[in-house]
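Report on the structure given below.
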Amino acid sequence: MKPKYLSLFLILFFLKSFPQTPISLENAYDRAIQNNLNLKSGQLKVDYQNRIQNSAVAIDPLNINAEIGQINSAYVDNAFSVNQTLRLPKFYKTQKQVLTEQWKNAKLGLDVQKWQLKKEIALVYNNLNYLDEKQKLLKKADSIYSNYYTRSELRLKAGESNILEKTTAEAYRSQAEIQLQSLLKDREISIHQFSYLINDGEMYQNEKGSFYLLNLDFDENFSGNPLVLSQLERQKNIENARLEAEKAKLLPSFNLGINSTTMKGNGSDDKFYNGTHRFQTGLVGVALPVFNSAQKSLIEGQKINQQIAENNYDIAVRDFKNRYAKTYSEYQKLKSEIDYYKTKGLKNAQTILFTADLLSKEGEINYLEYTILVNQSLDIQNKYIDAENTLNEKIIELNNLKNK
C-alpha cells in the first residue's frame with residue numbers, strides 16, 4: 001500500500017474506532033445545558049449567592065465581660081456585664097439589597113453563559129456540515145483526476161501523449177488526496193471540540209444534510225441582546241445598592257447592655273451592713289460616625305462606579321446595534337453571491353466540467369486546456385461552499401445577537 005493511501009486509511013480507521021453518534025443541533029444544545037462544565041460552575045455561583053443572602057443581617061458579637069477583685073472596697077467583689085451593638089434597620093436592608101442584586105446578576109450570568117454556549121455549538125456544528133460538503137467535493141475531484149490519470153496512462157502507452165500529461169494528472173490526483181487527508185484531520189478536531197462542549201462522555205457528530213437549511217430571523221428594530229443588556233442593567237442596580245449601603249454606614253449604631261456587681265460592706269445602703277448584695281444597672285449608648293471623611297470618600301467613589309455602570313450599558317447598546325448592522329450588511333453581500341451561484345454559477349460549473357470531459361475524450365483539447373477547465377469548474381463549486389459556510393456563520397451571529 002502506498003504511503004499516501006496508508007495515511008488516509010489510518011485516519012479513516014481512527015475515526016471509525018471511536019463510535020460517533022449523529023445528533024441534531026437542538027439535541028446537542030439540550031445535552032450541553034445539562035452537562036457542560038462551565039455551566040455547572042455558573043450554577044454553583046448562583047447557589048453561592050443564594051446561600052449568603054442571610055449574611056446581610058450580620059449582628060455584631062455579643063460582648064460578655066466578667067470582673068473579680070477589690071472593685072468597690074477592700075472586700076473582694078465580682079461583676080459581669082453583657083452588651084450588644086445594633087444598627088438601624090435601614091443598614092441591614094441596604095446590605096440585603098446588595099446581596100439580592102448580586103444573586104439576580106449571577107442568575108443572569110448563567111443565562112448569558114448558556115447564550116454563549118449555544119453560539120459555540122452552532123458554529124462547530126456548522127463547521128462539521130461545511131467539512132462534509134468539502135469532503136464530497138474533494139472526493140469528486142479525486143474521482144475526476146483518477147479517471148484522467150487512467151486515461152493518460154492508456155494514451156501514453158498508445159503513444160498518443162507524452163510523460164508530462166501523465167505526470168500532471170498524477171500531481172492533481174495527489175493534491176486532492178492530500179487535501180482530503182487534511183480535511184479528515186480537521187473533522188477529527190471538530191468532532192472532539194463538539195463532544196467536549198456537550199460533555200456527557202460520548203462522541204458526537206452532526207446529522208447530515210443541514211448545511212443549506214439555516215434561516216435568518218431578521219429584526220429591523222434590533223436594540224441589543226436582551227440577556228446581556230439585562231445583566232448590564234442588573235449591574236447598574238448593584239452599584240446603586242452599594243451606594244445606598246455605603247451611605248447607611250454613616251447612620252448611628254446603638255449599644256444596649258446590663259451590668260451586675262456585688263458590693264460588700266456598708267456600701268450605699270447602710271441597713272445591709274456586713275452583707276453581700278448584688279446591684280444591676282442598664283446601659284444605652286449611641287455610636288456616632290463623627291470622623292467620617294474616609295467613609296464619605298468611599299461614597300463619592302461609589303458614585304463614580306454608578307456612572308461607569310451607566311456608561312457600560314450605553315456602550316453595549318451602541319456596540320450591539322453596530323455589530324448587528326455590520327453583520328447584516330455582510331450577510332446581504334454574501335446572500336447576493338450565493339444567489340448568483342445557485343442561479344448561474346453552479347450550472348456553469350457543471351457545463352464546463354461536462355464539456356471539458358467530452359472534448360478531452362474526443363481529443364479536441366489537450367491536457368493543459370482540460371485541467372484548466374476542470375479546475376475552473378471545481379473552483380466555482382468550492383467558492384460556493386465557502387460562501388455558504390460564511391453566510392451560515394453570519395446567520396448564526398445575527399440570530400445569536402437576538403438570542404434566537
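Ordering of the C-alpha cells sets the chain letters (A, B, ...), residue numbers begin anew at 1 in every chain, and ligands are numbered from 1 in the order given.
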Shell of 12 Å around segment 235-248 of chain A, only C-alpha atoms, local chain residues under 4 positions omitted, as a compact mmCIF listing (two decimals) with all heavy atoms, in the first residue's frame:
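selection-v7.txt written:
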```
# COMPACT_ATOMS: atom_id res chain seq x y z
N ALA A 56 -26.57 39.23 55.23
CA ALA A 56 -26.79 40.69 55.27
C ALA A 56 -27.09 41.16 56.69
O ALA A 56 -26.65 42.22 57.11
CB ALA A 56 -27.94 41.07 54.33
N ARG A 87 -27.42 48.02 64.77
CA ARG A 87 -27.55 49.10 63.81
C ARG A 87 -29.02 49.31 63.46
O ARG A 87 -29.86 48.43 63.70
CB ARG A 87 -26.75 48.79 62.54
CG ARG A 87 -25.23 48.80 62.77
CD ARG A 87 -24.49 48.50 61.50
NE ARG A 87 -23.05 48.61 61.63
CZ ARG A 87 -22.34 49.73 61.44
NH1 ARG A 87 -22.97 50.84 61.10
NH2 ARG A 87 -21.03 49.74 61.59
N LEU A 88 -29.29 50.42 62.84
CA LEU A 88 -30.66 50.72 62.43
C LEU A 88 -31.10 49.76 61.33
O LEU A 88 -30.28 49.28 60.54
CB LEU A 88 -30.75 52.16 61.93
CG LEU A 88 -30.59 53.25 63.00
CD1 LEU A 88 -30.55 54.62 62.34
CD2 LEU A 88 -31.71 53.18 64.02
N PRO A 89 -32.39 49.45 61.23
CA PRO A 89 -32.88 48.50 60.21
C PRO A 89 -32.48 48.87 58.79
O PRO A 89 -32.27 48.00 57.95
CB PRO A 89 -34.40 48.56 60.39
CG PRO A 89 -34.59 48.96 61.81
CD PRO A 89 -33.46 49.90 62.12
N LYS A 90 -32.35 50.17 58.51
CA LYS A 90 -32.00 50.59 57.15
C LYS A 90 -30.63 50.06 56.74
O LYS A 90 -30.40 49.72 55.57
CB LYS A 90 -32.04 52.11 57.05
CG LYS A 90 -31.76 52.60 55.62
CD LYS A 90 -31.86 54.12 55.52
CE LYS A 90 -31.59 54.59 54.09
NZ LYS A 90 -31.69 56.06 53.96
N PHE A 91 -29.72 49.97 57.70
CA PHE A 91 -28.38 49.47 57.40
C PHE A 91 -28.47 48.03 56.90
O PHE A 91 -27.89 47.68 55.86
CB PHE A 91 -27.49 49.55 58.63
CG PHE A 91 -26.15 48.91 58.45
CD1 PHE A 91 -25.11 49.61 57.86
CD2 PHE A 91 -25.93 47.59 58.85
CE1 PHE A 91 -23.87 49.02 57.69
CE2 PHE A 91 -24.69 47.00 58.67
CZ PHE A 91 -23.66 47.71 58.09
N TYR A 92 -29.18 47.19 57.61
CA TYR A 92 -29.30 45.78 57.21
C TYR A 92 -30.09 45.64 55.91
O TYR A 92 -29.81 44.76 55.10
CB TYR A 92 -29.96 44.98 58.33
CG TYR A 92 -29.19 45.01 59.62
CD1 TYR A 92 -29.69 45.69 60.73
CD2 TYR A 92 -27.96 44.39 59.73
CE1 TYR A 92 -28.98 45.73 61.92
CE2 TYR A 92 -27.23 44.44 60.92
CZ TYR A 92 -27.76 45.10 62.01
OH TYR A 92 -27.03 45.15 63.18
N LYS A 93 -31.07 46.50 55.72
CA LYS A 93 -31.87 46.46 54.50
C LYS A 93 -31.02 46.75 53.27
O LYS A 93 -31.15 46.08 52.23
CB LYS A 93 -33.02 47.46 54.59
CG LYS A 93 -33.95 47.44 53.39
CD LYS A 93 -35.08 48.45 53.55
CE LYS A 93 -35.99 48.44 52.34
NZ LYS A 93 -37.09 49.43 52.47
N THR A 94 -30.14 47.73 53.38
CA THR A 94 -29.29 48.07 52.23
C THR A 94 -28.27 46.95 51.94
O THR A 94 -27.96 46.67 50.78
CB THR A 94 -28.55 49.39 52.48
OG1 THR A 94 -27.78 49.30 53.70
CG2 THR A 94 -29.52 50.55 52.57
N GLN A 95 -27.75 46.33 53.00
CA GLN A 95 -26.83 45.21 52.80
C GLN A 95 -27.55 44.05 52.11
O GLN A 95 -26.99 43.39 51.22
CB GLN A 95 -26.27 44.75 54.15
CG GLN A 95 -25.45 45.78 54.88
CD GLN A 95 -24.17 46.15 54.16
OE1 GLN A 95 -23.50 45.30 53.57
NE2 GLN A 95 -23.83 47.43 54.16
N LYS A 96 -28.77 43.80 52.52
CA LYS A 96 -29.58 42.73 51.93
C LYS A 96 -29.85 43.01 50.45
O LYS A 96 -29.81 42.10 49.61
CB LYS A 96 -30.91 42.62 52.69
CG LYS A 96 -31.89 41.61 52.10
CD LYS A 96 -31.44 40.19 52.31
CE LYS A 96 -32.53 39.22 51.89
NZ LYS A 96 -32.13 37.81 52.06
N GLN A 97 -30.09 44.27 50.12
CA GLN A 97 -30.38 44.63 48.74
C GLN A 97 -29.17 44.37 47.84
O GLN A 97 -29.32 43.91 46.70
CB GLN A 97 -30.79 46.11 48.66
CG GLN A 97 -31.28 46.55 47.29
CD GLN A 97 -32.53 45.81 46.86
OE1 GLN A 97 -33.36 45.44 47.69
NE2 GLN A 97 -32.68 45.58 45.56
N VAL A 98 -27.97 44.64 48.34
CA VAL A 98 -26.76 44.37 47.56
C VAL A 98 -26.66 42.88 47.23
O VAL A 98 -26.41 42.47 46.09
CB VAL A 98 -25.50 44.83 48.31
CG1 VAL A 98 -24.24 44.36 47.59
CG2 VAL A 98 -25.48 46.35 48.43
N LEU A 99 -26.86 42.04 48.25
CA LEU A 99 -26.75 40.60 48.06
C LEU A 99 -27.85 40.07 47.13
O LEU A 99 -27.61 39.17 46.33
CB LEU A 99 -26.81 39.88 49.40
CG LEU A 99 -25.63 40.13 50.35
CD1 LEU A 99 -25.87 39.46 51.69
CD2 LEU A 99 -24.33 39.64 49.73
N THR A 100 -29.03 40.65 47.24
CA THR A 100 -30.13 40.22 46.37
C THR A 100 -29.83 40.54 44.91
O THR A 100 -30.05 39.72 44.01
CB THR A 100 -31.45 40.90 46.79
OG1 THR A 100 -31.76 40.52 48.14
CG2 THR A 100 -32.59 40.47 45.88
N GLU A 101 -29.31 41.74 44.66
CA GLU A 101 -28.97 42.13 43.29
C GLU A 101 -27.83 41.28 42.74
O GLU A 101 -27.82 40.92 41.56
CB GLU A 101 -28.58 43.62 43.25
CG GLU A 101 -29.72 44.59 43.57
CD GLU A 101 -30.85 44.51 42.57
OE1 GLU A 101 -30.61 44.12 41.42
OE2 GLU A 101 -32.00 44.86 42.94
N GLN A 102 -26.88 40.93 43.59
CA GLN A 102 -25.77 40.08 43.14
C GLN A 102 -26.27 38.67 42.80
O GLN A 102 -25.77 38.05 41.85
CB GLN A 102 -24.69 40.01 44.23
CG GLN A 102 -23.91 41.30 44.38
CD GLN A 102 -22.90 41.24 45.50
OE1 GLN A 102 -23.02 40.45 46.44
NE2 GLN A 102 -21.88 42.08 45.42
N TRP A 103 -27.23 38.18 43.56
CA TRP A 103 -27.82 36.86 43.27
C TRP A 103 -28.56 36.88 41.94
O TRP A 103 -28.40 35.98 41.11
CB TRP A 103 -28.75 36.47 44.42
CG TRP A 103 -29.57 35.26 44.15
CD1 TRP A 103 -29.13 33.99 43.88
CD2 TRP A 103 -31.00 35.19 44.11
NE1 TRP A 103 -30.19 33.13 43.68
CE2 TRP A 103 -31.35 33.85 43.81
CE3 TRP A 103 -32.02 36.13 44.31
CZ2 TRP A 103 -32.67 33.44 43.70
CZ3 TRP A 103 -33.33 35.71 44.20
CH2 TRP A 103 -33.65 34.37 43.90
N LYS A 104 -29.34 37.93 41.72
CA LYS A 104 -30.05 38.06 40.44
C LYS A 104 -29.07 38.19 39.28
O LYS A 104 -29.29 37.65 38.19
CB LYS A 104 -30.99 39.27 40.48
CG LYS A 104 -32.15 39.12 41.45
CD LYS A 104 -33.01 40.38 41.47
CE LYS A 104 -34.18 40.24 42.44
NZ LYS A 104 -35.01 41.48 42.49
N ASN A 105 -27.96 38.89 39.52
CA ASN A 105 -26.95 39.05 38.49
C ASN A 105 -26.27 37.72 38.16
O ASN A 105 -25.94 37.44 37.01
CB ASN A 105 -25.91 40.07 38.94
CG ASN A 105 -24.91 40.41 37.86
OD1 ASN A 105 -25.28 40.88 36.79
ND2 ASN A 105 -23.64 40.15 38.12
N ALA A 106 -26.06 36.90 39.19
CA ALA A 106 -25.46 35.58 38.97
C ALA A 106 -26.37 34.71 38.11
O ALA A 106 -25.90 33.96 37.25
CB ALA A 106 -25.16 34.90 40.30
N LEU A 108 -28.53 35.80 35.89
CA LEU A 108 -28.43 36.32 34.52
C LEU A 108 -27.10 35.92 33.89
O LEU A 108 -27.04 35.65 32.69
CB LEU A 108 -28.55 37.85 34.54
CG LEU A 108 -29.98 38.41 34.65
CD1 LEU A 108 -29.93 39.91 34.85
CD2 LEU A 108 -30.79 38.07 33.41
N GLY A 109 -26.04 35.89 34.70
CA GLY A 109 -24.75 35.46 34.19
C GLY A 109 -24.79 34.03 33.68
O GLY A 109 -24.16 33.70 32.66
N VAL A 228 -27.77 40.09 27.68
CA VAL A 228 -26.60 40.88 28.06
C VAL A 228 -27.02 42.25 28.59
O VAL A 228 -26.47 42.73 29.60
CB VAL A 228 -25.65 41.04 26.86
CG1 VAL A 228 -24.46 41.91 27.24
CG2 VAL A 228 -25.16 39.68 26.38
N LEU A 229 -28.01 42.87 27.94
CA LEU A 229 -28.46 44.17 28.41
C LEU A 229 -29.12 44.07 29.78
O LEU A 229 -28.98 44.96 30.62
CB LEU A 229 -29.42 44.80 27.40
CG LEU A 229 -28.80 45.19 26.05
CD1 LEU A 229 -29.85 45.86 25.17
CD2 LEU A 229 -27.60 46.11 26.24
N SER A 230 -29.84 42.97 30.02
CA SER A 230 -30.44 42.77 31.35
C SER A 230 -29.37 42.62 32.41
O SER A 230 -29.51 43.12 33.53
CB SER A 230 -31.34 41.53 31.33
OG SER A 230 -32.45 41.71 30.48
N GLN A 231 -28.28 41.92 32.05
CA GLN A 231 -27.19 41.77 33.01
C GLN A 231 -26.52 43.11 33.30
O GLN A 231 -26.19 43.41 34.46
CB GLN A 231 -26.16 40.77 32.48
CG GLN A 231 -25.12 40.39 33.52
CD GLN A 231 -24.10 39.40 32.99
OE1 GLN A 231 -23.70 39.48 31.83
NE2 GLN A 231 -23.67 38.47 33.82
N PRO A 252 -26.03 56.19 62.80
CA PRO A 252 -25.52 55.82 64.13
C PRO A 252 -25.85 54.37 64.46
O PRO A 252 -26.77 53.78 63.90
CB PRO A 252 -26.26 56.78 65.06
CG PRO A 252 -27.51 57.14 64.32
CD PRO A 252 -27.12 57.15 62.86
N SER A 253 -25.07 53.81 65.36
CA SER A 253 -25.35 52.47 65.89
C SER A 253 -25.62 52.60 67.38
O SER A 253 -25.27 53.60 68.01
CB SER A 253 -24.19 51.52 65.62
OG SER A 253 -22.99 52.01 66.19
N PRO A 289 -20.81 58.40 63.89
CA PRO A 289 -19.64 58.45 63.00
C PRO A 289 -19.17 59.89 62.78
O PRO A 289 -19.40 60.48 61.72
CB PRO A 289 -20.16 57.81 61.71
CG PRO A 289 -21.62 58.11 61.72
CD PRO A 289 -22.05 58.10 63.16
N ASN A 292 -15.81 60.86 59.75
CA ASN A 292 -16.38 60.08 58.64
C ASN A 292 -15.82 60.47 57.26
O ASN A 292 -16.44 60.16 56.24
CB ASN A 292 -17.90 60.21 58.62
CG ASN A 292 -18.34 61.68 58.58
OD1 ASN A 292 -17.58 62.54 58.17
ND2 ASN A 292 -19.56 61.93 59.02
N ALA A 294 -13.28 59.33 55.66
CA ALA A 294 -12.92 58.15 54.87
C ALA A 294 -14.15 57.51 54.24
O ALA A 294 -14.15 57.14 53.05
CB ALA A 294 -12.19 57.14 55.74
N GLN A 295 -15.23 57.41 55.03
CA GLN A 295 -16.45 56.81 54.51
C GLN A 295 -17.08 57.69 53.43
O GLN A 295 -17.60 57.17 52.43
CB GLN A 295 -17.45 56.58 55.64
CG GLN A 295 -18.71 55.86 55.25
CD GLN A 295 -18.44 54.50 54.66
OE1 GLN A 295 -17.51 53.81 55.07
NE2 GLN A 295 -19.25 54.08 53.69
N LYS A 296 -16.99 58.98 53.60
CA LYS A 296 -17.53 59.87 52.57
C LYS A 296 -16.74 59.75 51.27
O LYS A 296 -17.30 59.87 50.18
CB LYS A 296 -17.51 61.31 53.07
CG LYS A 296 -18.59 61.60 54.12
CD LYS A 296 -18.60 63.06 54.52
CE LYS A 296 -19.74 63.34 55.49
NZ LYS A 296 -19.77 64.77 55.92
N SER A 297 -15.44 59.47 51.38
CA SER A 297 -14.64 59.25 50.17
C SER A 297 -15.11 58.00 49.44
O SER A 297 -15.18 57.97 48.21
CB SER A 297 -13.16 59.11 50.55
OG SER A 297 -12.67 60.32 51.09
N LEU A 298 -15.44 56.95 50.21
CA LEU A 298 -15.97 55.72 49.59
C LEU A 298 -17.29 55.99 48.89
O LEU A 298 -17.56 55.43 47.82
CB LEU A 298 -16.15 54.64 50.66
CG LEU A 298 -14.86 54.02 51.23
CD1 LEU A 298 -15.20 53.04 52.35
CD2 LEU A 298 -14.09 53.30 50.13
N ILE A 299 -18.12 56.82 49.50
CA ILE A 299 -19.41 57.15 48.89
C ILE A 299 -19.20 57.88 47.56
O ILE A 299 -19.85 57.57 46.55
CB ILE A 299 -20.26 58.00 49.85
CG1 ILE A 299 -20.68 57.14 51.06
CG2 ILE A 299 -21.48 58.57 49.14
CD1 ILE A 299 -21.37 57.92 52.16
N GLU A 300 -18.29 58.84 47.55
CA GLU A 300 -18.02 59.58 46.31
C GLU A 300 -17.44 58.64 45.25
O GLU A 300 -17.75 58.76 44.05
CB GLU A 300 -17.06 60.73 46.59
CG GLU A 300 -17.65 61.83 47.47
CD GLU A 300 -18.92 62.42 46.89
OE1 GLU A 300 -18.93 62.70 45.67
OE2 GLU A 300 -19.90 62.58 47.64
N GLY A 301 -16.58 57.72 45.68
CA GLY A 301 -16.04 56.75 44.73
C GLY A 301 -17.10 55.83 44.16
O GLY A 301 -17.09 55.49 42.96
N GLN A 302 -18.07 55.44 45.01
CA GLN A 302 -19.15 54.57 44.55
C GLN A 302 -20.04 55.29 43.55
O GLN A 302 -20.60 54.65 42.65
CB GLN A 302 -19.96 54.08 45.75
CG GLN A 302 -21.05 53.07 45.42
CD GLN A 302 -20.51 51.86 44.69
OE1 GLN A 302 -19.41 51.40 44.98
NE2 GLN A 302 -21.28 51.34 43.75
N LYS A 303 -20.17 56.59 43.68
CA LYS A 303 -20.94 57.35 42.70
C LYS A 303 -20.29 57.25 41.31
O LYS A 303 -20.98 57.21 40.29
CB LYS A 303 -21.06 58.81 43.12
CG LYS A 303 -21.96 59.02 44.33
CD LYS A 303 -22.02 60.48 44.71
CE LYS A 303 -22.93 60.70 45.93
NZ LYS A 303 -22.96 62.13 46.35
N ILE A 304 -18.96 57.19 41.29
CA ILE A 304 -18.26 57.01 40.02
C ILE A 304 -18.54 55.63 39.44
O ILE A 304 -18.72 55.46 38.23
CB ILE A 304 -16.74 57.24 40.20
CG1 ILE A 304 -16.48 58.69 40.62
CG2 ILE A 304 -15.98 56.90 38.93
CD1 ILE A 304 -15.03 58.99 40.93
N ASN A 305 -18.58 54.62 40.32
CA ASN A 305 -18.93 53.26 39.87
C ASN A 305 -20.32 53.23 39.25
O ASN A 305 -20.57 52.49 38.29
CB ASN A 305 -18.85 52.27 41.03
CG ASN A 305 -17.43 51.90 41.37
OD1 ASN A 305 -16.52 52.02 40.55
ND2 ASN A 305 -17.21 51.44 42.59
N GLN A 306 -21.22 54.01 39.81
CA GLN A 306 -22.55 54.15 39.21
C GLN A 306 -22.45 54.67 37.78
O GLN A 306 -23.09 54.14 36.86
CB GLN A 306 -23.41 55.11 40.04
CG GLN A 306 -24.21 54.48 41.16
CD GLN A 306 -25.14 55.50 41.78
OE1 GLN A 306 -24.77 56.66 42.00
NE2 GLN A 306 -26.36 55.10 42.05
N GLN A 307 -21.67 55.70 37.59
CA GLN A 307 -21.51 56.30 36.26
C GLN A 307 -20.86 55.31 35.28
O GLN A 307 -21.23 55.26 34.11
CB GLN A 307 -20.66 57.57 36.36
CG GLN A 307 -21.31 58.68 37.19
CD GLN A 307 -20.38 59.85 37.42
OE1 GLN A 307 -19.31 59.92 36.85
NE2 GLN A 307 -20.80 60.78 38.27
N ILE A 308 -19.91 54.51 35.79
CA ILE A 308 -19.27 53.51 34.94
C ILE A 308 -20.29 52.49 34.47
O ILE A 308 -20.32 52.09 33.29
CB ILE A 308 -18.12 52.81 35.71
CG1 ILE A 308 -16.97 53.80 35.95
CG2 ILE A 308 -17.61 51.59 34.93
CD1 ILE A 308 -15.88 53.26 36.85
N ALA A 309 -21.15 52.03 35.38
CA ALA A 309 -22.18 51.05 35.02
C ALA A 309 -23.15 51.62 33.99
O ALA A 309 -23.54 50.93 33.04
CB ALA A 309 -22.93 50.60 36.27
N GLU A 310 -23.52 52.89 34.17
CA GLU A 310 -24.40 53.55 33.19
C GLU A 310 -23.72 53.63 31.83
O GLU A 310 -24.32 53.34 30.79
CB GLU A 310 -24.76 54.95 33.68
CG GLU A 310 -25.65 55.01 34.90
CD GLU A 310 -27.12 54.84 34.55
OE1 GLU A 310 -27.43 54.78 33.34
OE2 GLU A 310 -27.94 54.76 35.48
N ASN A 311 -22.44 53.98 31.84
CA ASN A 311 -21.70 54.12 30.59
C ASN A 311 -21.52 52.78 29.90
O ASN A 311 -21.63 52.68 28.67
CB ASN A 311 -20.33 54.76 30.89
CG ASN A 311 -19.63 55.24 29.64
OD1 ASN A 311 -20.21 55.96 28.84
ND2 ASN A 311 -18.39 54.82 29.45
N ASN A 312 -21.26 51.73 30.68
CA ASN A 312 -21.10 50.39 30.10
C ASN A 312 -22.38 49.93 29.41
O ASN A 312 -22.35 49.28 28.36
CB ASN A 312 -20.71 49.39 31.19
CG ASN A 312 -19.27 49.55 31.63
OD1 ASN A 312 -18.47 50.16 30.94
ND2 ASN A 312 -18.95 49.02 32.79
N TYR A 313 -23.51 50.27 30.00
CA TYR A 313 -24.81 49.92 29.38
C TYR A 313 -24.98 50.64 28.05
O TYR A 313 -25.34 50.02 27.04
CB TYR A 313 -25.94 50.27 30.33
CG TYR A 313 -27.31 49.88 29.81
CD1 TYR A 313 -27.84 48.63 30.07
CD2 TYR A 313 -28.07 50.78 29.06
CE1 TYR A 313 -29.08 48.26 29.60
CE2 TYR A 313 -29.31 50.42 28.57
CZ TYR A 313 -29.82 49.16 28.84
OH TYR A 313 -31.05 48.80 28.35
N ASP A 314 -24.69 51.93 28.03
CA ASP A 314 -24.82 52.71 26.79
C ASP A 314 -23.86 52.19 25.71
O ASP A 314 -24.22 52.11 24.53
CB ASP A 314 -24.56 54.19 27.07
CG ASP A 314 -25.61 54.81 27.98
OD1 ASP A 314 -26.73 54.25 28.05
OD2 ASP A 314 -25.33 55.83 28.63
```
Just list the residues in segment 132-317 of chain A DSSP gives alpha helix (DSSP H) on the backbone, as a compact mmCIF listing (two decimals) with C-alpha atoms, in the first residue's frame.
```
# COMPACT_ATOMS: atom_id res chain seq x y z
CA ASP A 132 -18.84 17.27 4.90
CA GLU A 133 -19.52 19.37 1.80
CA LYS A 134 -15.82 19.96 1.23
CA GLN A 135 -15.21 16.23 1.57
CA LYS A 136 -17.81 15.50 -1.11
CA LEU A 137 -16.13 17.97 -3.45
CA LEU A 138 -12.65 16.59 -2.79
CA LYS A 139 -13.86 13.05 -3.43
CA LYS A 140 -15.37 14.29 -6.66
CA ALA A 141 -12.06 15.93 -7.61
CA ASP A 142 -10.18 12.76 -6.69
CA SER A 143 -12.52 10.71 -8.88
CA ILE A 144 -12.13 13.12 -11.83
CA TYR A 145 -8.35 13.13 -11.67
CA SER A 146 -8.14 9.37 -11.05
CA ASN A 147 -10.11 8.78 -14.24
CA TYR A 148 -7.99 11.35 -16.05
CA TYR A 149 -4.84 9.63 -14.80
CA THR A 150 -6.09 6.27 -16.08
CA ARG A 151 -6.81 7.76 -19.49
CA SER A 152 -3.42 9.47 -19.62
CA GLU A 153 -1.69 6.14 -18.87
CA LEU A 154 -3.53 4.47 -21.71
CA ARG A 155 -2.77 7.38 -24.04
CA LEU A 156 0.90 7.23 -23.06
CA LYS A 157 1.11 3.51 -23.80
CA ILE A 163 5.01 11.71 -19.93
CA LEU A 164 4.14 15.30 -18.95
CA GLU A 165 0.40 14.65 -19.32
CA LYS A 166 0.58 11.58 -17.08
CA THR A 167 2.71 13.42 -14.50
CA THR A 168 0.31 16.36 -14.46
CA ALA A 169 -2.67 14.05 -13.91
CA GLU A 170 -0.87 12.27 -11.07
CA ALA A 171 0.08 15.57 -9.42
CA TYR A 172 -3.53 16.80 -9.41
CA ARG A 173 -4.78 13.47 -8.06
CA SER A 174 -2.16 13.53 -5.28
CA GLN A 175 -3.08 17.08 -4.40
CA ALA A 176 -6.74 16.07 -3.98
CA GLU A 177 -5.70 13.16 -1.76
CA ILE A 178 -3.53 15.38 0.45
CA GLN A 179 -6.34 17.90 0.84
CA LEU A 180 -8.74 15.10 1.77
CA GLN A 181 -6.35 13.82 4.44
CA SER A 182 -6.02 17.31 5.91
CA LEU A 183 -9.80 17.73 5.88
CA LEU A 184 -10.32 14.47 7.76
CA LYS A 185 -7.89 15.62 10.42
CA ASP A 186 -9.77 18.93 10.72
CA ARG A 187 -13.01 16.99 11.09
CA GLU A 188 -11.49 14.86 13.84
CA ILE A 189 -10.55 18.04 15.74
CA SER A 190 -14.06 19.47 15.31
CA ILE A 191 -15.63 16.19 16.50
CA HIS A 192 -13.58 16.36 19.70
CA GLN A 193 -14.45 20.03 20.21
CA PHE A 194 -18.14 19.32 19.63
CA SER A 195 -18.16 16.40 22.07
CA TYR A 196 -16.22 18.45 24.63
CA LEU A 197 -18.90 21.14 24.61
CA ILE A 198 -21.63 18.53 25.15
CA PRO A 226 -31.84 41.16 25.86
CA LEU A 227 -29.80 38.85 28.11
CA VAL A 228 -26.60 40.88 28.06
CA LEU A 229 -28.46 44.17 28.41
CA SER A 230 -30.44 42.77 31.35
CA GLN A 231 -27.19 41.77 33.01
CA LEU A 232 -25.74 45.24 32.49
CA GLU A 233 -28.97 46.75 33.82
CA ARG A 234 -28.61 44.49 36.84
CA GLN A 235 -25.04 45.74 37.29
CA LYS A 236 -26.43 49.27 37.46
CA ASN A 237 -28.79 48.12 40.20
CA ILE A 238 -25.88 46.53 42.08
CA GLU A 239 -23.91 49.78 42.02
CA ASN A 240 -26.98 51.73 43.17
CA ALA A 241 -27.49 49.28 46.02
CA ARG A 242 -23.83 49.52 47.00
CA LEU A 243 -24.09 53.31 47.11
CA GLU A 244 -27.05 53.11 49.48
CA ALA A 245 -25.16 50.56 51.59
CA GLU A 246 -22.16 52.90 51.87
CA LYS A 247 -24.44 55.78 52.86
CA ALA A 248 -26.07 53.61 55.53
CA SER A 293 -14.17 61.60 55.93
CA ALA A 294 -12.92 58.15 54.87
CA GLN A 295 -16.45 56.81 54.51
CA LYS A 296 -17.53 59.87 52.57
CA SER A 297 -14.64 59.25 50.17
CA LEU A 298 -15.97 55.72 49.59
CA ILE A 299 -19.41 57.15 48.89
CA GLU A 300 -18.02 59.58 46.31
CA GLY A 301 -16.04 56.75 44.73
CA GLN A 302 -19.15 54.57 44.55
CA LYS A 303 -20.94 57.35 42.70
CA ILE A 304 -18.26 57.01 40.02
CA ASN A 305 -18.93 53.26 39.87
CA GLN A 306 -22.55 54.15 39.21
CA GLN A 307 -21.51 56.30 36.26
CA ILE A 308 -19.27 53.51 34.94
CA ALA A 309 -22.18 51.05 35.02
CA GLU A 310 -24.40 53.55 33.19
CA ASN A 311 -21.70 54.12 30.59
CA ASN A 312 -21.10 50.39 30.10
CA TYR A 313 -24.81 49.92 29.38
CA ASP A 314 -24.82 52.71 26.79
CA ILE A 315 -21.66 51.32 25.17
CA ALA A 316 -23.21 47.85 24.96
CA VAL A 317 -26.37 49.17 23.27
```
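For the pair atom CA of Glu202 of chain A and atom CA of Gln43 of chain A, the separation is 22.8 Å.
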Separation of atom CA of Asn27 of chain A from atom CA of Gln205 of chain A, in Å and rounded to one decimal
11.7 Å
May I have the residues within 10 Å of Ile258 of chain A as a PyMOL selection string, using only C-alpha atoms and disregarding those fewer than 4 positions away in the same chain?
chain A and resi 64+80-84+280-284
Strand (DSSP E) per DSSP on the backbone: members of segment 157-346 of chain A, as a list of chain:residue names:
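Filtering segment 157-346 of chain A to strand (DSSP E) leaves A:Met203, A:Tyr204, A:Gln205, A:Asn206, A:Ser253, A:Phe254, A:Asn255, A:Leu256, A:Gly257, A:Ile258, A:Asn259, A:Ser260, A:Thr261, A:Thr262, A:Met263, A:Lys264, A:Thr276, A:His277, A:Arg278, A:Phe279, A:Gln280, A:Thr281, A:Gly282, A:Leu283, A:Val284, A:Gly285, A:Val286, A:Ala287.
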Go through A:Val290, A:Asn399, A:Lys40, A:Tyr204 and flag the residue nearest Leu128 of chain A, using only C-alpha atoms for the distances.
A:Tyr204
Counting only C-alpha atoms, the option among A:Ala158, A:Asn199, A:Thr85, A:Ile352 closest to Pro61 of chain A:
A:Thr85
Tell me, as a tab-separated table (two decimals) with C-alpha atoms, in the first residue's frame, which residues lie within 8 Å of Tyr328 of chain A, counting only C-alpha atoms; anything in the same chain fewer than 3 positions away does not count.
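After the write, part00.tsv holds the following:
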```
chain	number	residue	atom	x	y	z
A	324	TYR	CA	-25.92	43.79	14.04
A	325	ALA	CA	-25.90	46.38	11.24
A	331	TYR	CA	-24.94	38.82	5.19
A	332	GLN	CA	-26.63	40.73	2.35
A	394	LYS	CA	-23.35	35.38	9.72
A	398	LEU	CA	-27.33	37.57	13.79
```
